[in-house]
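Participant: Could you have a look at this structure, given as structure tokens, before my questions?
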Amino acid sequence: MTDQNTFMEVVKNVAEIVRTAEVPMGEEEILAYFSDMDLNENQKKLVLEYIATAHLEENTEAAENKEDTVGNVEDTESDGDGESKVFQMYLNELSEIPSFTVADREKLYERLAAGEESVIDTISKAWLKKVLTIAEGYLADKLNVEDLVQEGNLALFLKLQEMLNCGDAKNMEETLAQAVEEGIMSYCSEITGEKELENTLVGKMSLVHEAKKLLAMDKGREPSLEELSEYTKMSVEELADLQKMMN
């Protein structure tokens, strides 16, 4: 398949074409834009889901704005935090996904490294909650968690495709987390600009610094990453990355 950056660019461009098309486009028409790429069934599914979700969110937002204009919006149309109906459906889906232990994920990574493509979908589901947690750490003005989650899931899928049959499952958890963060940060850079993203990271570093001081005073010792994670609501992986930047 074409390299990841080109693939992602084409996906986003086609999503915009579908969004602005006067006549709804079918799956075959959408996939025709990728005819020169050797997409497998999982990649085709990803393309269609990504574009369908983006298009559905646009239609939902337009409908809700129209309701606001005529004053007919019911209290049940929103959860009070500005989240769309589509994202609420996503959150409801998360609640139904069984928990995956570290051991569970490691077995899946071994199967992926051995070339078992069917586990990509399972690993993606196992990572849905982690992607949401990472995305929430990058919220800022001009950004919403729905878009961040979407970009994180896309980056995860592409990295899983890259790691398929790699022969080595070592450190795959860290590799996937880094891919998700890089995908989200790239999107943040596009939307908010490097300066605002830098301010977000500075704010996180400041939060971690203050949290370490408060926990150290309370416990009489340096807090562990797990204790910091519980206090700041950030993932252990993200805290580890931030501490490397702070040192």
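Order determines the names: the first chain of the structure tokens is A, the second B, and so forth; residues in each chain are numbered 1 upward, and ligands are numbered 1 upward as they are shown.
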Please provide as a ChimeraX atom specification all residues within 12 Å of Leu112 in chain A, with the sequence filter that same-chain residues fewer than 2 positions apart are discarded (counting only C-alpha atoms).
Facilitator: /A:105-110,114-124,159-170,172
Participant: Take the residues from that selection and write them out as a tab-separated table (two decimals), in the first residue's frame, keeping C-alpha atoms.
Facilitator:
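Saved to out_18.tsv:
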chain	number	residue	atom	x	y	z
A	105	ARG	CA	-2.84	-7.54	25.00
A	106	GLU	CA	0.63	-9.10	25.00
A	107	LYS	CA	-0.79	-12.33	23.56
A	108	LEU	CA	-2.55	-10.33	20.85
A	109	TYR	CA	0.69	-8.48	20.04
A	110	GLU	CA	2.51	-11.79	19.66
A	114	ALA	CA	3.55	-13.50	13.83
A	115	GLY	CA	1.43	-12.24	10.91
A	116	GLU	CA	-2.12	-12.97	12.11
A	117	GLU	CA	-4.02	-10.09	10.49
A	118	SER	CA	-7.38	-10.99	12.06
A	119	VAL	CA	-6.22	-9.74	15.48
A	120	ILE	CA	-5.95	-6.13	14.24
A	121	ASP	CA	-9.66	-5.59	14.84
A	122	THR	CA	-9.44	-7.09	18.35
A	123	ILE	CA	-6.41	-4.99	19.28
A	124	SER	CA	-8.16	-1.88	17.96
A	159	LYS	CA	0.63	1.39	12.98
A	160	LEU	CA	-0.97	-2.02	13.50
A	161	GLN	CA	-0.81	-2.60	9.75
A	162	GLU	CA	2.85	-1.64	9.83
A	163	MET	CA	3.60	-3.98	12.74
A	164	LEU	CA	1.84	-6.96	11.15
A	165	ASN	CA	4.29	-9.85	10.72
A	166	CYS	CA	7.14	-7.76	12.17
A	167	GLY	CA	8.39	-10.82	14.08
A	168	ASP	CA	8.95	-8.99	17.37
A	169	ALA	CA	6.23	-8.06	19.86
A	170	LYS	CA	8.67	-6.44	22.30
A	172	MET	CA	4.66	-2.95	21.11
Participant: Measuring atom to atom with only C-alpha atoms, identify which of A:Tyr138, A:Tyr90, A:Tyr50, A:Tyr231 is nearest to Val10 in chain A.
Facilitator: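 Closest to Val10 in chain A, using only C-alpha atoms: A:Tyr50.
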Participant: Would you mind reading off the distance between CA of Leu228 in chain A and CA of Glu96 in chain A, one decimal, in Å?
Facilitator: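 CA of Leu228 in chain A sits 27.9 Å away from CA of Glu96 in chain A.
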Participant: Nearest to Val11 in chain A among A:Val145, A:Val102, A:Met217, A:Leu154, with distances taken over only C-alpha atoms: which residue is it?
Facilitator: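 Counting only C-alpha atoms, the residue closest to Val11 in chain A is A:Leu154.
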Participant: Tell me which of A:Val18, A:Ala126, A:Ala155, A:Cys188 sits closest to Leu31 in chain A, counting only C-alpha atoms.
Facilitator: A:Val18
Participant: Which residue gives the smallest distance to Asn153 in chain A among A:Glu9, A:Glu27, A:Asp38, A:Glu49, with only C-alpha atoms counted?
Facilitator: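 For Asn153 in chain A, the nearest of the given residues is A:Glu49.
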Participant: Measuring atom to atom with only C-alpha atoms, identify which of A:Met234, A:Val47, A:Ala32, A:Met205 is nearest to Glu136 in chain A.
Facilitator: A:Met234
Participant: Please report the interatomic distance between CA of Gly26 in chain A and CA of Lys45 in chain A in Å with one decimal.
Facilitator: 13.5 Å
Participant: In Å to one decimal, how far is CA of Ser95 in chain A from CA of Val131 in chain A?
Facilitator: 14.1 Å
Participant: Residues at most 9 Å from Thr232 in chain A, counting only C-alpha atoms, excluding those fewer than 3 positions away in the same chain, as a list in words?
Facilitator: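 Answer for this query is Leu207, Val208, Ala211, Glu227, Leu228, Ser229 and Ser235 of chain A.
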Participant: Could you check which of A:Leu94, A:Leu239, A:Leu158, A:Leu48 is closest to Ile134 in chain A, using only C-alpha atoms?
Facilitator: A:Leu239
